[in-house]
Structures are given as structure tokens and as C-alpha cells.
$ cat structure_1.cif   # mmCIF, C-alpha atoms and all ligand atoms
data_work
loop_
_atom_site.label_atom_id
_atom_site.label_comp_id
_atom_site.auth_asym_id
_atom_site.auth_seq_id
_atom_site.Cartn_x
_atom_site.Cartn_y
_atom_site.Cartn_z
CA MET A 1 39.35 9.82 23.20
CA ASN A 2 40.92 11.43 20.19
CA VAL A 3 38.94 10.25 17.12
CA LEU A 4 39.72 10.82 13.44
CA VAL A 5 37.18 10.35 10.60
CA ILE A 6 38.40 9.98 7.01
CA GLY A 7 36.23 11.33 4.16
CA SER A 8 34.53 14.45 2.82
CA GLY A 9 30.93 13.55 1.93
CA GLY A 10 27.46 13.57 3.46
CA ARG A 11 28.13 10.10 4.86
CA GLU A 12 31.15 11.33 6.80
CA HIS A 13 29.19 14.37 8.02
CA ALA A 14 26.54 11.97 9.38
CA ILE A 15 29.24 9.81 11.04
CA VAL A 16 30.86 12.91 12.59
CA LYS A 17 27.51 14.20 13.92
CA ALA A 18 26.65 10.80 15.42
CA LEU A 19 30.10 10.43 17.02
CA LYS A 20 29.88 13.97 18.39
CA LYS A 21 27.05 12.82 20.70
CA SER A 22 29.49 10.53 22.53
CA ASP A 23 30.68 11.98 25.81
CA ARG A 24 33.83 9.84 25.57
CA ILE A 25 35.26 11.86 22.67
CA SER A 26 37.48 14.76 23.71
CA ARG A 27 38.84 15.58 20.24
CA LEU A 28 37.12 14.91 16.90
CA GLN A 29 39.03 15.46 13.66
CA CYS A 30 38.22 14.82 10.02
CA ILE A 31 40.53 14.51 7.00
CA PRO A 32 39.70 16.27 4.71
CA GLY A 33 36.06 17.10 5.69
CA ASN A 34 33.99 19.86 4.09
CA ALA A 35 32.39 23.19 5.02
CA GLY A 36 29.62 21.55 7.07
CA ILE A 37 31.85 19.00 8.79
CA ALA A 38 34.07 21.92 9.84
CA GLU A 39 31.23 23.09 12.13
CA ASP A 40 31.27 19.75 13.97
CA ALA A 41 34.92 18.62 13.86
CA GLU A 42 38.42 19.97 13.22
CA CYS A 43 39.01 19.55 9.48
CA ILE A 44 42.57 18.92 8.35
CA GLN A 45 43.99 18.95 4.84
CA HIS A 46 46.43 16.06 4.56
CA SER A 47 47.55 13.35 2.15
CA LEU A 48 45.05 10.46 2.00
CA GLU A 49 47.76 7.95 1.26
CA PRO A 50 47.33 5.12 3.84
CA ALA A 51 50.89 5.31 5.24
CA ALA A 52 50.60 9.10 5.54
CA ILE A 53 47.32 8.80 7.48
CA ALA A 54 48.88 6.19 9.79
CA GLN A 55 51.81 8.51 10.42
CA TYR A 56 49.45 11.46 11.08
CA ALA A 57 47.46 9.36 13.57
CA ARG A 58 50.61 8.23 15.39
CA GLU A 59 52.12 11.71 15.58
CA ASN A 60 48.86 13.34 16.73
CA GLY A 61 47.85 10.93 19.47
CA VAL A 62 44.78 9.62 17.59
CA ASP A 63 43.16 6.71 19.50
CA PHE A 64 40.57 5.58 16.96
CA VAL A 65 40.06 6.10 13.22
CA VAL A 66 36.85 5.67 11.19
CA VAL A 67 37.38 5.26 7.44
CA GLY A 68 34.28 6.23 5.42
CA PRO A 69 34.91 5.91 1.65
CA ASP A 70 35.22 2.70 -0.37
CA ASN A 71 38.36 3.76 -2.25
CA GLN A 72 40.36 4.38 0.93
CA LEU A 73 39.28 0.96 2.25
CA ALA A 74 40.30 -0.61 -1.08
CA ASP A 75 43.65 1.19 -0.80
CA GLY A 76 44.33 -0.62 2.48
CA MET A 77 43.99 2.28 4.91
CA ILE A 78 42.76 0.01 7.73
CA ASP A 79 45.69 -2.34 7.15
CA ALA A 80 48.17 0.60 7.37
CA LEU A 81 46.55 1.88 10.59
CA GLN A 82 46.52 -1.59 12.16
CA ALA A 83 50.19 -2.05 11.25
CA ALA A 84 50.91 1.21 13.06
CA GLY A 85 49.08 -0.09 16.16
CA ILE A 86 46.09 2.26 15.78
CA ARG A 87 42.54 0.98 16.28
CA ALA A 88 40.54 1.60 13.13
CA PHE A 89 36.93 0.92 12.13
CA GLY A 90 36.39 -0.60 8.68
CA PRO A 91 37.31 -3.76 6.78
CA VAL A 92 40.91 -4.55 5.84
CA ARG A 93 41.66 -4.47 2.10
CA ALA A 94 41.18 -8.25 1.70
CA ALA A 95 37.69 -8.04 3.27
CA ALA A 96 36.75 -4.82 1.41
CA ARG A 97 37.33 -6.88 -1.75
CA LEU A 98 33.65 -7.81 -1.43
CA GLU A 99 33.06 -4.34 -2.89
CA TRP A 100 36.17 -3.64 -4.99
CA SER A 101 35.88 -6.91 -6.95
CA LYS A 102 32.35 -7.82 -8.01
CA ARG A 103 33.69 -11.13 -9.36
CA TYR A 104 35.16 -12.04 -5.93
CA SER A 105 31.92 -11.03 -4.27
CA LYS A 106 29.89 -13.33 -6.56
CA GLU A 107 32.34 -16.20 -5.93
CA ILE A 108 31.92 -15.81 -2.15
CA MET A 109 28.13 -15.74 -2.53
CA ALA A 110 28.18 -18.88 -4.67
CA LYS A 111 30.54 -20.70 -2.28
CA TYR A 112 28.53 -19.91 0.87
CA HIS A 113 25.06 -20.25 -0.66
CA ILE A 114 24.10 -16.61 -0.27
CA PRO A 115 21.09 -15.93 -2.52
CA THR A 116 21.96 -13.74 -5.53
CA ALA A 117 21.37 -13.49 -9.29
CA ALA A 118 22.90 -16.09 -11.65
CA TYR A 119 26.04 -14.67 -13.32
CA GLN A 120 29.15 -15.15 -15.43
CA SER A 121 32.35 -13.05 -15.32
CA PHE A 122 34.56 -12.17 -18.30
CA THR A 123 37.91 -10.54 -19.03
CA ASP A 124 37.43 -10.86 -22.80
CA LEU A 125 35.13 -8.41 -24.60
CA ASP A 126 34.13 -10.77 -27.43
CA ALA A 127 33.24 -13.58 -25.02
CA ALA A 128 31.20 -11.13 -22.91
CA LYS A 129 29.33 -9.90 -25.99
CA ALA A 130 28.60 -13.46 -27.13
CA TYR A 131 27.18 -14.25 -23.67
CA VAL A 132 24.89 -11.19 -23.80
CA GLN A 133 23.65 -12.20 -27.27
CA GLN A 134 22.94 -15.71 -25.99
CA GLN A 135 21.16 -14.57 -22.79
CA GLY A 136 19.13 -11.70 -24.28
CA ALA A 137 17.73 -8.66 -22.42
CA PRO A 138 16.92 -7.36 -19.90
CA ILE A 139 20.35 -8.11 -18.44
CA VAL A 140 22.70 -6.46 -15.94
CA VAL A 141 26.28 -5.47 -16.85
CA LYS A 142 28.66 -4.61 -13.99
CA ASP A 143 32.21 -3.33 -14.03
CA SER A 144 33.95 -5.68 -11.57
CA ALA A 145 36.10 -2.84 -10.24
CA LEU A 146 35.10 0.17 -8.09
CA ALA A 147 33.34 2.68 -10.33
CA LEU A 148 31.90 5.29 -7.91
CA GLY A 149 28.33 4.15 -8.46
CA LYS A 150 28.60 4.39 -12.25
CA GLY A 151 29.68 0.83 -13.06
CA VAL A 152 26.28 -0.85 -13.31
CA THR A 153 23.97 -0.88 -16.35
CA VAL A 154 20.55 -2.46 -16.16
CA ALA A 155 20.22 -2.97 -19.91
CA GLN A 156 16.71 -3.20 -21.30
CA THR A 157 18.03 -4.14 -24.77
CA ILE A 158 20.97 -6.16 -26.10
CA GLU A 159 22.32 -2.99 -27.78
CA GLU A 160 22.38 -1.18 -24.44
CA ALA A 161 24.30 -4.08 -22.86
CA LEU A 162 26.82 -4.16 -25.74
CA THR A 163 27.38 -0.38 -25.44
CA ALA A 164 27.97 -0.77 -21.69
CA LEU A 165 30.52 -3.53 -22.36
CA ASP A 166 32.35 -1.36 -24.91
CA ALA A 167 32.55 1.46 -22.35
CA ILE A 168 33.94 -0.81 -19.61
CA PHE A 169 36.51 -2.45 -21.91
CA ASP A 170 37.64 0.93 -23.28
CA ARG A 171 40.51 0.94 -20.79
CA PRO A 172 44.14 0.32 -21.77
CA SER A 173 44.72 -1.52 -18.46
CA GLY A 174 42.13 -4.20 -19.27
CA ALA A 175 38.81 -4.85 -17.56
CA GLU A 176 36.64 -7.48 -15.95
CA VAL A 177 32.86 -7.60 -16.07
CA VAL A 178 30.17 -9.49 -14.25
CA ILE A 179 27.03 -10.14 -16.32
CA GLU A 180 23.98 -11.04 -14.29
CA GLU A 181 20.44 -12.20 -14.66
CA PHE A 182 17.94 -9.29 -14.26
CA MET A 183 16.06 -9.52 -10.95
CA GLN A 184 12.53 -8.22 -10.52
CA GLY A 185 11.38 -6.66 -7.25
CA MET A 186 11.82 -3.79 -4.80
CA GLU A 187 15.36 -2.75 -3.94
CA VAL A 188 16.26 -2.34 -0.27
CA SER A 189 19.47 -1.21 1.43
CA ILE A 190 20.57 -3.17 4.47
CA MET A 191 23.53 -2.02 6.53
CA ALA A 192 24.95 -4.02 9.42
CA PHE A 193 27.71 -3.48 11.96
CA CYS A 194 30.10 -6.46 11.95
CA ASP A 195 32.75 -7.66 14.38
CA GLY A 196 33.98 -10.65 12.36
CA LYS A 197 31.40 -13.08 13.81
CA THR A 198 28.21 -11.11 14.47
CA ALA A 199 26.35 -8.83 12.05
CA ALA A 200 23.88 -6.46 13.75
CA MET A 201 21.42 -4.93 11.30
CA MET A 202 20.63 -1.23 11.22
CA LEU A 203 17.25 0.05 10.03
CA PRO A 204 16.34 -1.17 6.54
CA SER A 205 16.08 1.71 4.06
CA GLN A 206 15.39 2.46 0.41
CA ASP A 207 17.57 4.64 -1.81
CA HIS A 208 16.41 6.36 -5.04
CA LYS A 209 19.30 6.01 -7.43
CA THR A 210 18.36 7.71 -10.69
CA ILE A 211 18.52 11.47 -11.14
CA PHE A 212 14.89 11.98 -12.19
CA ASP A 213 11.51 11.26 -10.60
CA GLY A 214 9.86 7.99 -11.54
CA ASP A 215 13.21 6.13 -11.44
CA VAL A 216 14.32 7.32 -14.85
CA GLY A 217 17.52 8.96 -16.11
CA PRO A 218 21.16 8.23 -15.39
CA MET A 219 22.28 6.47 -12.19
CA THR A 220 23.66 8.66 -9.39
CA GLY A 221 25.23 7.87 -6.02
CA GLY A 222 21.69 8.16 -4.57
CA MET A 223 19.16 11.04 -4.55
CA GLY A 224 17.07 10.30 -1.47
CA VAL A 225 16.24 7.69 1.16
CA ILE A 226 13.43 6.63 3.44
CA ALA A 227 13.78 4.52 6.59
CA PRO A 228 12.63 2.23 8.00
CA PHE A 229 11.64 0.33 4.87
CA PRO A 230 8.74 -1.91 5.98
CA LEU A 231 10.13 -5.46 5.86
CA THR A 232 8.12 -8.39 7.20
CA ASP A 233 9.53 -10.39 10.13
CA GLU A 234 10.10 -13.28 7.73
CA GLN A 235 12.09 -11.06 5.34
CA LYS A 236 14.20 -9.74 8.24
CA GLU A 237 14.85 -13.26 9.50
CA ARG A 238 15.89 -14.48 6.02
CA ILE A 239 18.20 -11.47 5.50
CA GLN A 240 19.88 -12.18 8.83
CA SER A 241 20.22 -15.95 8.45
CA GLU A 242 20.65 -16.45 4.68
CA ILE A 243 22.75 -13.37 3.92
CA LEU A 244 24.44 -11.74 6.92
CA ASP A 245 25.13 -14.84 9.04
CA ARG A 246 26.30 -16.87 6.03
CA LEU A 247 28.62 -14.04 4.99
CA MET A 248 30.11 -13.73 8.49
CA ALA A 249 30.71 -17.49 8.71
CA GLY A 250 32.03 -17.65 5.14
CA MET A 251 34.54 -14.83 5.58
CA GLN A 252 35.74 -16.43 8.84
CA GLN A 253 36.25 -19.68 6.95
CA GLU A 254 38.21 -17.75 4.29
CA GLY A 255 40.50 -16.50 7.09
CA ILE A 256 39.33 -12.89 6.48
CA PRO A 257 36.86 -12.09 9.29
CA TYR A 258 34.72 -9.12 8.20
CA GLN A 259 34.83 -6.12 10.56
CA GLY A 260 33.19 -2.76 9.86
CA VAL A 261 29.92 -2.05 8.05
CA ILE A 262 28.62 -4.43 5.42
CA TYR A 263 25.94 -2.97 3.18
CA PRO A 264 24.22 -5.46 0.91
CA GLY A 265 21.97 -3.91 -1.69
CA LEU A 266 19.08 -6.38 -1.90
CA MET A 267 16.27 -7.20 -4.28
CA LEU A 268 13.07 -8.50 -2.67
CA THR A 269 12.26 -11.10 -5.31
CA PRO A 270 9.28 -13.49 -5.32
CA GLN A 271 11.75 -16.19 -4.16
CA GLY A 272 12.94 -14.05 -1.23
CA PRO A 273 15.67 -11.45 -0.61
CA LYS A 274 18.66 -11.75 -2.97
CA VAL A 275 21.92 -9.79 -2.96
CA VAL A 276 22.40 -7.28 -5.78
CA GLU A 277 25.85 -6.27 -4.51
CA PHE A 278 27.92 -6.01 -1.34
CA ASN A 279 29.36 -2.65 -0.30
CA SER A 280 32.04 -2.55 2.38
CA ARG A 281 31.02 0.73 4.05
CA PHE A 282 28.04 2.85 5.11
CA GLY A 283 25.76 3.72 2.20
CA ASP A 284 25.69 7.32 1.08
CA PRO A 285 23.03 8.77 1.48
CA GLU A 286 21.65 5.89 3.60
CA ALA A 287 23.96 6.88 6.50
CA GLU A 288 22.56 10.42 6.52
CA CYS A 289 19.01 9.05 6.74
CA ILE A 290 19.59 6.37 9.38
CA LEU A 291 22.33 7.56 11.76
CA PRO A 292 20.20 10.44 13.16
CA LEU A 293 17.82 7.75 14.51
CA LEU A 294 20.61 5.73 16.22
CA GLU A 295 20.02 5.84 19.98
CA SER A 296 23.07 3.79 20.98
CA ASP A 297 26.52 5.34 21.23
CA LEU A 298 28.15 4.99 17.79
CA LEU A 299 31.69 4.98 19.19
CA THR A 300 30.85 2.10 21.56
CA ILE A 301 29.41 0.06 18.66
CA MET A 302 32.42 0.78 16.45
CA GLU A 303 34.85 -0.19 19.22
CA ALA A 304 32.92 -3.44 19.75
CA CYS A 305 33.28 -4.19 16.02
CA VAL A 306 37.03 -3.65 16.21
CA ASP A 307 37.39 -5.60 19.49
CA GLY A 308 35.18 -8.52 18.37
CA ASN A 309 32.56 -8.23 21.12
CA LEU A 310 29.50 -6.85 19.29
CA THR A 311 26.05 -8.03 20.39
CA GLN A 312 22.71 -7.49 18.65
CA ASP A 313 21.26 -5.46 21.54
CA MET A 314 24.07 -2.88 21.31
CA VAL A 315 22.45 -1.41 18.17
CA GLN A 316 19.23 0.43 19.11
CA PHE A 317 17.24 2.86 16.96
CA SER A 318 14.41 5.29 17.63
CA THR A 319 10.97 4.14 16.47
CA ASP A 320 10.62 7.38 14.44
CA ALA A 321 10.69 7.43 10.64
CA SER A 322 13.32 9.33 8.65
CA ALA A 323 13.45 10.80 5.16
CA LEU A 324 16.36 12.27 3.25
CA VAL A 325 16.42 14.44 0.12
CA ILE A 326 19.56 15.28 -1.86
CA LEU A 327 20.19 18.64 -3.52
CA ALA A 328 22.62 18.11 -6.39
CA SER A 329 24.39 20.69 -8.52
CA PRO A 330 23.40 21.41 -12.14
CA GLY A 331 24.91 18.86 -14.54
CA TYR A 332 25.05 16.00 -12.00
CA PRO A 333 25.67 13.07 -12.49
CA ALA A 334 27.58 13.69 -15.76
CA SER A 335 29.40 16.67 -14.23
CA SER A 336 29.23 18.97 -11.24
CA THR A 337 29.08 22.74 -10.91
CA LYS A 338 31.30 24.28 -8.28
CA GLY A 339 31.09 27.72 -6.73
CA ILE A 340 27.28 28.28 -6.76
CA PRO A 341 26.34 30.37 -3.67
CA ILE A 342 24.03 28.65 -1.17
CA GLN A 343 21.91 30.21 1.59
CA LEU A 344 20.70 27.82 4.29
CA PRO A 345 17.48 28.43 6.27
CA VAL A 346 17.11 28.15 10.02
CA VAL A 347 16.82 24.39 10.54
CA PRO A 348 14.00 23.09 12.75
CA GLU A 349 14.82 20.61 15.52
CA HIS A 350 13.39 17.65 13.59
CA SER A 351 15.78 18.17 10.69
CA ILE A 352 19.51 18.16 9.85
CA ILE A 353 21.21 19.54 6.75
CA PHE A 354 24.28 17.40 6.05
CA HIS A 355 26.94 18.78 3.72
CA ALA A 356 27.95 16.41 0.92
CA GLY A 357 29.91 18.67 -1.44
CA THR A 358 30.32 22.19 -0.08
CA ALA A 359 33.13 24.68 0.49
CA LEU A 360 33.51 28.18 1.89
CA LYS A 361 34.67 30.84 -0.59
CA ASP A 362 35.42 34.22 0.98
CA GLY A 363 33.06 33.30 3.81
CA GLN A 364 30.21 32.30 1.45
CA LEU A 365 28.94 28.70 1.38
CA VAL A 366 29.21 27.35 -2.20
CA SER A 367 28.66 24.10 -4.07
CA ASN A 368 31.78 21.97 -4.42
CA GLY A 369 30.65 18.69 -5.98
CA GLY A 370 27.83 16.70 -7.59
CA ARG A 371 25.75 15.90 -4.54
CA VAL A 372 25.89 19.08 -2.46
CA LEU A 373 23.46 18.90 0.48
CA ALA A 374 21.49 16.09 2.14
CA VAL A 375 18.36 17.22 4.01
CA GLN A 376 17.16 14.76 6.65
CA ALA A 377 13.98 14.99 8.71
CA ARG A 378 12.37 12.70 11.22
CA GLY A 379 8.69 12.25 11.97
CA GLU A 380 6.21 9.94 13.65
CA ASP A 381 5.69 8.22 10.29
CA LEU A 382 7.16 8.38 6.78
CA THR A 383 4.55 10.88 5.56
CA GLU A 384 5.53 13.33 8.29
CA ALA A 385 9.26 12.73 7.73
CA VAL A 386 9.01 13.22 3.94
CA THR A 387 6.84 16.34 4.33
CA ARG A 388 9.30 17.90 6.76
CA ALA A 389 12.36 17.03 4.63
CA TYR A 390 10.84 18.77 1.58
CA GLN A 391 9.80 21.81 3.66
CA VAL A 392 13.43 22.33 4.72
CA ALA A 393 14.87 21.47 1.27
CA ASP A 394 12.52 23.98 -0.39
CA ALA A 395 13.71 26.73 1.95
CA ILE A 396 17.33 26.37 0.76
CA GLN A 397 18.46 28.95 -1.79
CA PHE A 398 20.67 27.22 -4.36
CA GLU A 399 20.33 28.30 -8.01
CA GLY A 400 19.80 25.38 -10.40
CA ALA A 401 19.75 22.69 -7.69
CA GLN A 402 18.42 19.31 -8.80
CA MET A 403 16.14 17.48 -6.36
CA ARG A 404 13.82 14.50 -6.82
CA ARG A 405 10.27 15.22 -5.67
CA ASP A 406 9.15 11.62 -5.26
CA ILE A 407 11.25 10.24 -2.39
CA GLY A 408 9.11 7.56 -0.73
CA GLY A 409 6.80 7.46 -3.76
CA ARG A 410 7.38 3.78 -4.46
CA LEU A 411 5.70 3.02 -1.12
CA GLY A 412 2.89 5.47 -1.90
CA ILE A 413 4.30 8.07 0.53
CA LYS A 414 3.40 11.62 -0.50
CA VAL A 415 4.08 15.05 0.95
CA ARG A 416 1.16 16.06 3.18
CA VAL A 417 -0.62 19.13 1.79
N1 LIG B 1 23.51 4.57 -1.87
C1 LIG B 1 24.40 3.94 -2.77
C2 LIG B 1 25.74 3.69 -2.26
O1 LIG B 1 26.12 4.14 -1.19
O2 LIG B 1 26.49 2.98 -2.92
#

$ encode --input "structure_1.cif" --output "C-alpha cells"
Amino acid sequence: MNVLVIGSGGREHAIVKALKKSDRISRLQCIPGNAGIAEDAECIQHSLEPAAIAQYARENGVDFVVVGPDNQLADGMIDALQAAGIRAFGPVRAAARLEWSKRYSKEIMAKYHIPTAAYQSFTDLDAAKAYVQQQGAPIVVKDSALALGKGVTVAQTIEEALTALDAIFDRPSGAEVVIEEFMQGMEVSIMAFCDGKTAAMMLPSQDHKTIFDGDVGPMTGGMGVIAPFPLTDEQKERIQSEILDRLMAGMQQEGIPYQGVIYPGLMLTPQGPKVVEFNSRFGDPEAECILPLLESDLLTIMEACVDGNLTQDMVQFSTDASALVILASPGYPASSTKGIPIQLPVVPEHSIIFHAGTALKDGQLVSNGGRVLAVQARGEDLTEAVTRAYQVADAIQFEGAQMRRDIGGRLGIKVRV
């Protein structure tokens, strides 16, 4: 089969590497890709406009397309590919709305009794501010629209919440916010393959979203992950029945069956797992941590999602543990520094270095974004996986790289000395 992946980050590098294991793929392309993806697939520079991608796929005999990023899903790339008669993995625009409109997502959760935080949504700044004053802090302020991981403020004070509201409403085109009750607990990332009726869970994982150790500093797209996160059987059962199954049934009832990956960020509260937000795609960097442990054929699972014949037993993972550490460029997340030379070490068999934001300049690998490299390692347990990931990350030469040193620390996992 001739398969095309859309995207240029670490997530798409992980998808490409997992697809590459399939012996049914004869040609693997990526638009636009990056310097690392170019070692695993043909990278093509092309317009990312949905109709242009559909035309490219038609003219180049592409059999199957995988769309990675949230903005291309929100732009309706799957819809354009389907209209052109091309099989494509990912939700259509109306289903991806679970991510691109936080208000819609909360309405679906309320309608289908999916556990989540109490909330109100606003399109008027003064009304939003009055609500914050009335509720008090801590409180969570969310831009309803896609904001590349920067749209959420967990405000510890009323002033912080009011400042976040001012920033969101400082847009000539108008804005919408969701203001939510603050939830206490551990955060967990769940990703599931979906075929419209069935949601088959991948390994639970935990991201580390702030730039600095100890969960302080500005929010990033994610600085490191461990998997599997140790959920109890009861927690797993509740996530499946109260969240994933209710969402699948609800979206069917809405006439918008959900196909692709659904990724609920969850809070494990004293009352049970509750949804923080729905994302309509693989998490990044969760994909880089988890996909190396997938033992089933990724293409077969993705085709089953598109064809509506997914079963739970099609999604099998290794029993190993996995850890992932991000190397980000100086200035991230406020800015990124491009063009810094990078030297990679020889990578041991237990590890993979995914490229998130890299380019080649005159044959030299250089930084080309905020998150630059994602170092994954597997081990018999999380301690071994974390230790190996840091050993490889520390051997990378990259001047000024930012890296958290406490991935896994919330679970008491430490690098073995
Ligand atoms: N890991 C955060 C995200 O993918 O949105």
C-alpha cells in the first residue's frame, strides 16, 4: 500500500516509525515531515490545504492517509480526502469539534453524562469576569478554540484568572471561554483507537506539561511521558464504561460517529476519573512514548477504525515500560531558537530518538522549533526505562537545550544511580 502521513512533529515521526514495521506498506510518504522523518519516509513539501492534499493523494496513487495534527483535522482534511474517495484515518471536522470547541465538548459531556468538572461558557468578557469573582480561585480558564496547548490557565488567584480572560478576549474576531471548577488529583492521558462504535484503549500514560521540574513554570505541549501509568482495574473499567463507551454512543446518537484517535486528558479525582479535555488525535509526546510498545500492526488497526470493524483484541502492547524525555530549544515555550547544531549519539537498541523540530542545514542537523527531540527508552520497569532515556538524552550535544530531570517523579520514579 501507498501510505501518506500528514504532519511534522515527534508524534508524526512516531506514527511513521510504527507504520514502517508493516510489511503491507510499499511506499511511505510524509507531508511535510522533518529531518528525522526523512530517514524513515519520503518527505514532500506541499500545500497543507485540505483540497490540495486530496488532489496530491489522488494524483500520486495514495491508498491511505493518516492525519496527525489537530489543526489539519479542524480544517476538514479528512472530509476533503473522503470526498475524493481516499481512505483516511482521523475524525471528520464535525467530530474533531470535540477538540476545536471546548464549549461543544462540555455540552456533549453534559448531555451524555460523561464525568467532568462543572463549568460555564461565555462570549462576553464582563460576564466571564463577574463569574470568576463569584466563584473565586483556584479556577480554570480555557480558550474554547484551538490554542496549541497554550489556551488553558489553572489560576491560583482571581487576578490570574482575570488576566487570562483579558488575554483570550484581546482578539478583534471575538472569543469564547469555558470557565471550570478546579479538579484535584493526578492527571493521566488516555488514548483510544475508535471506529465509530468501539473505543480500544492504548496504554495509559502521564505527561509532564510545565517547562520546569516540580510542575512549575509556563505550560508547554508536554516535556516528558511515562507509560504505562499504573491504573487500578476499577479505574480502567470506569474510564472505558463511563467515558469512552458513553462518548462513542453519544456521538453515534448525534449522527457524527467518532473515528480516529480520541485522547481524553483525565483527572483521577476522589470521585473517580473525570475528563479535563478531549483531544481528537494522538497526544504529543504521548505517541512517542507509547507507539514503540505497540505489538499489533498499526496500519491494520487504523484500517479497522476507518472500516468500522475494530475489536478490543486488535490493540496489543508489550508488557515493557516506556519513558520519554523532550529536549527543547532555548526560549521555549515563549519562543524557539532555530539553527542550533545538534550531534546525536549512537542509539542503543532499547531507545529511539524521535525528531520533533529539526532540519538539515548544509548537511548539519539543527534545531527548527520549540520541542526539538524526543528521547524514548523501554525497560523492564519504569525505573529502567527512565534511567535509559536520560542516559541517551545526556549523550546528545545540543547547546542550551532545556530538559526536565524529573520525568516519572510524581510516581516516585528516579534515575537509577
Ligand atoms: N500532550 C499534550 C497534547 O498532546 O495535547

$ residues_near_ligand --input "structure_1.cif" --ligand "ligand LIG 1 (chain B)" --cutoff "8 Å" --atoms "all atoms listed in the file" --output "list in words"
Leu148, Gly149, Ser189, Asp207, His208, Lys209, Gly221, Gly222, Asn279, Arg281, Phe282, Gly283, Asp284, Pro285 and Glu286 of chain A

$ closest_residue --input "structure_1.cif" --among "A:Pro345, A:His13, A:Met314, A:Ala192" --to "Gln397 of chain A" --atoms "all atoms listed in the file"
A:Pro345

$ residues_near_point --input "structure_1.cif" --point "(11.2, -6.8, -26.8)" --cutoff "12 Å" --atoms "only C-alpha atoms" --output "ChimeraX atom specification"
/A:136-138,155-159

$ write_last_selection --input "structure_1.cif" --atoms "C-alpha atoms" --output "tab-separated table (two decimals), in the frame of the given file"
chain	number	residue	atom	x	y	z
A	136	GLY	CA	19.13	-11.70	-24.28
A	137	ALA	CA	17.73	-8.66	-22.42
A	138	PRO	CA	16.92	-7.36	-19.90
A	155	ALA	CA	20.22	-2.97	-19.91
A	156	GLN	CA	16.71	-3.20	-21.30
A	157	THR	CA	18.03	-4.14	-24.77
A	158	ILE	CA	20.97	-6.16	-26.10
A	159	GLU	CA	22.32	-2.99	-27.78

$ closest_residue --input "structure_1.cif" --among "A:Ile25, A:Val5, A:Ile342, A:Ile179" --to "Phe122 of chain A" --atoms "all atoms listed in the file"
A:Ile179

$ atom_distance --input "structure_1.cif" --atom1 "atom CA of Leu310 of chain A" --atom2 "atom CA of Ala41 of chain A"
26.6 Å

$ atom_distance --input "structure_1.cif" --atom1 "atom CA of Lys21 of chain A" --atom2 "atom CA of Leu298 of chain A"
8.4 Å

$ atom_distance --input "structure_1.cif" --atom1 "atom CA of Thr387 of chain A" --atom2 "atom CA of Met403 of chain A"
14.2 Å

$ residues_around --input "structure_1.cif" --residues "segment 245-247 of chain A" --least-positions-apart "4" --cutoff "10 Å" --atoms "only C-alpha atoms" --output "list in words"
Ile108, Met109, Tyr112, His113, Ile114, Gly196, Lys197, Thr198, Ala199, Ala200, Arg238, Ile239, Gln240, Ser241, Met251, Gln252, Gln253, Pro257, Tyr258 and Ile262 of chain A

$ write_last_selection --input "structure_1.cif" --atoms "C-alpha atoms" --output "compact mmCIF listing (two decimals), in the coordinates of the input"
# COMPACT_ATOMS: atom_id res chain seq x y z
CA ILE A 108 31.92 -15.81 -2.15
CA MET A 109 28.13 -15.74 -2.53
CA TYR A 112 28.53 -19.91 0.87
CA HIS A 113 25.06 -20.25 -0.66
CA ILE A 114 24.10 -16.61 -0.27
CA GLY A 196 33.98 -10.65 12.36
CA LYS A 197 31.40 -13.08 13.81
CA THR A 198 28.21 -11.11 14.47
CA ALA A 199 26.35 -8.83 12.05
CA ALA A 200 23.88 -6.46 13.75
CA ARG A 238 15.89 -14.48 6.02
CA ILE A 239 18.20 -11.47 5.50
CA GLN A 240 19.88 -12.18 8.83
CA SER A 241 20.22 -15.95 8.45
CA MET A 251 34.54 -14.83 5.58
CA GLN A 252 35.74 -16.43 8.84
CA GLN A 253 36.25 -19.68 6.95
CA PRO A 257 36.86 -12.09 9.29
CA TYR A 258 34.72 -9.12 8.20
CA ILE A 262 28.62 -4.43 5.42

$ closest_residue --input "structure_1.cif" --among "A:Phe64, A:Gly308, A:Ala147, A:Ser318" --to "Met219 of chain A" --atoms "only C-alpha atoms"
A:Ala147

$ residues_around --input "structure_1.cif" --residues "Asn34 of chain A" --least-positions-apart "6" --cutoff "7 Å" --atoms "all atoms listed in the file" --output "list in words"
Ser8, Gly357, Thr358 and Ala359 of chain A

$ closest_residue --input "structure_1.cif" --among "A:Lys142, A:Lys20, A:Arg93, A:His46" --to "Ile78 of chain A" --atoms "only C-alpha atoms"
A:Arg93

$ residues_around --input "structure_1.cif" --residues "Asp213 of chain A" --least-positions-apart "3" --cutoff "12 Å" --atoms "only C-alpha atoms" --output "list in words"
His208, Lys209, Thr210, Val216, Gly217, Pro218, Met219, Met223, Gly224, Gln402, Met403, Arg404, Arg405, Asp406, Ile407, Gly408, Gly409 and Arg410 of chain A

$ write_last_selection --input "structure_1.cif" --atoms "C-alpha atoms" --output "short mmCIF file (atom, residue, chain, number, x, y, z; two decimals), in the frame of the given file"
data_model
loop_
_atom_site.label_atom_id
_atom_site.label_comp_id
_atom_site.auth_asym_id
_atom_site.auth_seq_id
_atom_site.Cartn_x
_atom_site.Cartn_y
_atom_site.Cartn_z
CA HIS A 208 16.41 6.36 -5.04
CA LYS A 209 19.30 6.01 -7.43
CA THR A 210 18.36 7.71 -10.69
CA VAL A 216 14.32 7.32 -14.85
CA GLY A 217 17.52 8.96 -16.11
CA PRO A 218 21.16 8.23 -15.39
CA MET A 219 22.28 6.47 -12.19
CA MET A 223 19.16 11.04 -4.55
CA GLY A 224 17.07 10.30 -1.47
CA GLN A 402 18.42 19.31 -8.80
CA MET A 403 16.14 17.48 -6.36
CA ARG A 404 13.82 14.50 -6.82
CA ARG A 405 10.27 15.22 -5.67
CA ASP A 406 9.15 11.62 -5.26
CA ILE A 407 11.25 10.24 -2.39
CA GLY A 408 9.11 7.56 -0.73
CA GLY A 409 6.80 7.46 -3.76
CA ARG A 410 7.38 3.78 -4.46
#

$ closest_residue --input "structure_1.cif" --among "A:Tyr263, A:Phe89, A:Phe398, A:Phe354" --to "Ser280 of chain A" --atoms "only C-alpha atoms"
A:Tyr263

$ closest_residue --input "structure_1.cif" --among "A:Ala395, A:Ala57, A:Cys194, A:Leu125" --to "Ala304 of chain A" --atoms "all atoms listed in the file"
A:Cys194

$ residues_around --input "structure_1.cif" --residues "His355 of chain A" --least-positions-apart "5" --cutoff "12 Å" --atoms "only C-alpha atoms" --output "number ranges by chain"
A: 7-17, 33-40, 284-285, 288, 325-328, 342, 344, 360, 365-376
